[in-house]
Amino acid sequence: MGDSEGKKEKKYSEIEEELRNLVFSELCKPGDKLPSENELARQYGVSRQTVRKALESLEREGYIYAVHGSGRYVSERMLHRKQSRNIAVVMTYLSDYIFPKVISGIDEVLSENGYDLILKHTNNSRHGEITCLTELLEKDIDGIIIEPSKSNLYCRHTELFEKLEQYEIPYVFIQGEYEAMAEKPHVLLDDEKGSFLLTQHLIRQGHREIYGIFKSDDSQGQKRHNGYARALAEAGIPYDPSRVIWFYTEDRKVHPCTSLQNIIRSGRQVDAVVCYNDQIARSVIRAIRETGKRVPEDISVTGYDNSESANVDGSQLTTIVHPQEELGRLAAEMLLHLIRGEESDRRIVIEPKLIVGDTTKAID
């Protein structure tokens, strides 16, 4: 390389660094327009071609973008170049069931490390999730912990997660997963094994006419159903789809109980019911009693999650432990590793533990 070429290359490198420092400085904010190529060429005393080459390099890295006929602008990616010490937590719900304790576990770890939480909820709505992510992409945040909404349905907004990656904002899925994004960082319970343990427990108590009630629009519901079906298969009990009641988020308060009551009143034999979670189990117990049947004397019932509703009215549900605060802590720790660029597990699956309560009873 000749001296003239070496000098030119050095000059281009200097200009690129100068422009990078300008874009990264407090003087520039996302959406700000940069001076024109001619203005920059005059400012730095170089050719327009040298300036253009430096600007195109920043464009390729995503820090600026060009608008035809208008000029170049600072990208929203720059909003996320500085440490904000803010972490967003997006849950399906915030104020009831297991969610406050999950959030408490997250907050415990993040507050110890100097981070503040931005809490959002989707009401388990895809539209709500899209809205939350869109809003967060416009905020200064360092990472996201997200419980996917209706995770058993195909995710049609993967471009929002791709945008997070483009902006170098790490994210961790918690409790559920989209099938198309299963390789992304996750902290989950082994929901299939948990439901397997519940169904196996009922089988060992002598139950054979075992019904299942599962949520169809999230991955937990599908996996819990799979565990139920696997336990039946291993015990040699034929799987009967008419013994499975599926429900959606929107009809969770009515459909499961009404359907089970209709089955019982039709005269079909029901020995036991494996429920999607403790909330459904408690509603199912009330519905069974309204038909004149007793729990557990006539019909055994299991829940899932060991939530506060697992122990009411003086009875303890047979259920699966949901280590809510631990789940939150593990997700927060994983996210911190990602933010710091440290090596860590990208997928944690927590082993389930069976709790035998007094809502199940062996058949005499």
# chains A, B, ... in the order shown; residues from 1 in each chain; ligands from 1
call {"tool": "select_by_dssp", "arguments": {"residues": "segment 90-178 of chain A", "states": "alpha helix (DSSP H)", "output": "number ranges by chain"}}
result
A: 99-112, 126-136, 158-166
call {"tool": "residues_around", "arguments": {"residues": "Arg329 of chain A", "least_positions_apart": "4", "cutoff": "8 Å", "atoms": "only C-alpha atoms", "output": "PyMOL selection string"}}
result
chain A and resi 102+105-109+325+333
call {"tool": "closest_residue", "arguments": {"among": "A:Arg265, A:Phe173, A:Asn152, A:Asp96", "to": "Ala287 of chain A", "atoms": "only C-alpha atoms"}}
result
A:Arg265
call {"tool": "residues_around", "arguments": {"residues": "Gln261 of chain A", "least_positions_apart": "6", "cutoff": "10 Å", "atoms": "only C-alpha atoms", "output": "PDB file with all heavy atoms, in the first residue's frame"}}
result
ATOM      1  N   HIS A 255     -66.680 -22.145  31.060  1.00  0.00           N
ATOM      2  CA  HIS A 255     -66.689 -23.359  30.244  1.00  0.00           C
ATOM      3  C   HIS A 255     -66.226 -24.628  30.967  1.00  0.00           C
ATOM      4  O   HIS A 255     -66.909 -25.664  30.889  1.00  0.00           O
ATOM      5  CB  HIS A 255     -65.859 -23.149  28.982  1.00  0.00           C
ATOM      6  CG  HIS A 255     -65.794 -24.354  28.105  1.00  0.00           C
ATOM      7  ND1 HIS A 255     -66.901 -24.867  27.459  1.00  0.00           N
ATOM      8  CD2 HIS A 255     -64.759 -25.175  27.787  1.00  0.00           C
ATOM      9  CE1 HIS A 255     -66.546 -25.940  26.770  1.00  0.00           C
ATOM     10  NE2 HIS A 255     -65.254 -26.148  26.956  1.00  0.00           N
ATOM     11  N   VAL A 284     -63.815 -26.069  39.996  1.00  0.00           N
ATOM     12  CA  VAL A 284     -64.321 -27.404  39.680  1.00  0.00           C
ATOM     13  C   VAL A 284     -64.890 -28.077  40.925  1.00  0.00           C
ATOM     14  O   VAL A 284     -65.941 -28.740  40.865  1.00  0.00           O
ATOM     15  CB  VAL A 284     -63.194 -28.258  39.058  1.00  0.00           C
ATOM     16  CG1 VAL A 284     -63.516 -29.754  39.139  1.00  0.00           C
ATOM     17  CG2 VAL A 284     -62.976 -27.851  37.601  1.00  0.00           C
ATOM     18  N   ALA A 287     -68.232 -26.701  41.497  1.00  0.00           N
ATOM     19  CA  ALA A 287     -69.159 -27.196  40.477  1.00  0.00           C
ATOM     20  C   ALA A 287     -69.572 -28.631  40.752  1.00  0.00           C
ATOM     21  O   ALA A 287     -70.740 -29.009  40.561  1.00  0.00           O
ATOM     22  CB  ALA A 287     -68.501 -27.085  39.101  1.00  0.00           C
ATOM     23  N   ILE A 288     -68.626 -29.458  41.189  1.00  0.00           N
ATOM     24  CA  ILE A 288     -68.934 -30.861  41.503  1.00  0.00           C
ATOM     25  C   ILE A 288     -69.931 -30.937  42.653  1.00  0.00           C
ATOM     26  O   ILE A 288     -70.910 -31.704  42.609  1.00  0.00           O
ATOM     27  CB  ILE A 288     -67.637 -31.624  41.855  1.00  0.00           C
ATOM     28  CG1 ILE A 288     -66.777 -31.819  40.597  1.00  0.00           C
ATOM     29  CG2 ILE A 288     -67.951 -32.975  42.495  1.00  0.00           C
ATOM     30  CD1 ILE A 288     -65.393 -32.388  40.870  1.00  0.00           C
ATOM     31  N   ARG A 289     -69.706 -30.131  43.665  1.00  0.00           N
ATOM     32  CA  ARG A 289     -70.607 -30.146  44.828  1.00  0.00           C
ATOM     33  C   ARG A 289     -72.014 -29.692  44.457  1.00  0.00           C
ATOM     34  O   ARG A 289     -73.007 -30.155  45.037  1.00  0.00           O
ATOM     35  CB  ARG A 289     -70.023 -29.269  45.933  1.00  0.00           C
ATOM     36  CG  ARG A 289     -68.790 -29.906  46.598  1.00  0.00           C
ATOM     37  CD  ARG A 289     -68.082 -28.954  47.541  1.00  0.00           C
ATOM     38  NE  ARG A 289     -66.972 -29.626  48.215  1.00  0.00           N
ATOM     39  CZ  ARG A 289     -65.985 -28.998  48.856  1.00  0.00           C
ATOM     40  NH1 ARG A 289     -65.996 -27.658  48.920  1.00  0.00           N
ATOM     41  NH2 ARG A 289     -65.019 -29.667  49.444  1.00  0.00           N
ATOM     42  N   GLU A 290     -72.104 -28.801  43.478  1.00  0.00           N
ATOM     43  CA  GLU A 290     -73.431 -28.343  43.022  1.00  0.00           C
ATOM     44  C   GLU A 290     -74.218 -29.469  42.357  1.00  0.00           C
ATOM     45  O   GLU A 290     -75.450 -29.394  42.278  1.00  0.00           O
ATOM     46  CB  GLU A 290     -73.266 -27.170  42.052  1.00  0.00           C
ATOM     47  CG  GLU A 290     -72.847 -25.873  42.739  1.00  0.00           C
ATOM     48  CD  GLU A 290     -72.553 -24.763  41.744  1.00  0.00           C
ATOM     49  OE1 GLU A 290     -72.759 -24.986  40.527  1.00  0.00           O
ATOM     50  OE2 GLU A 290     -72.116 -23.673  42.170  1.00  0.00           O
ATOM     51  N   THR A 291     -73.534 -30.490  41.882  1.00  0.00           N
ATOM     52  CA  THR A 291     -74.233 -31.643  41.287  1.00  0.00           C
ATOM     53  C   THR A 291     -74.651 -32.670  42.330  1.00  0.00           C
ATOM     54  O   THR A 291     -75.278 -33.679  41.987  1.00  0.00           O
ATOM     55  CB  THR A 291     -73.333 -32.332  40.243  1.00  0.00           C
ATOM     56  OG1 THR A 291     -72.236 -32.986  40.902  1.00  0.00           O
ATOM     57  CG2 THR A 291     -72.838 -31.354  39.206  1.00  0.00           C
TER      58      THR A 291
END
call {"tool": "residues_around", "arguments": {"residues": "Ile210 of chain A", "least_positions_apart": "2", "cutoff": "10 Å", "atoms": "only C-alpha atoms", "output": "number ranges by chain"}}
result
A: 199, 202-203, 207-208, 212, 228, 232, 237, 239-240, 243-244, 269-274, 299-301
call {"tool": "residues_around", "arguments": {"residues": "Tyr73 of chain A", "least_positions_apart": "6", "cutoff": "9 Å", "atoms": "only C-alpha atoms", "output": "PyMOL selection string"}}
result
chain A and resi 30-34+63-67
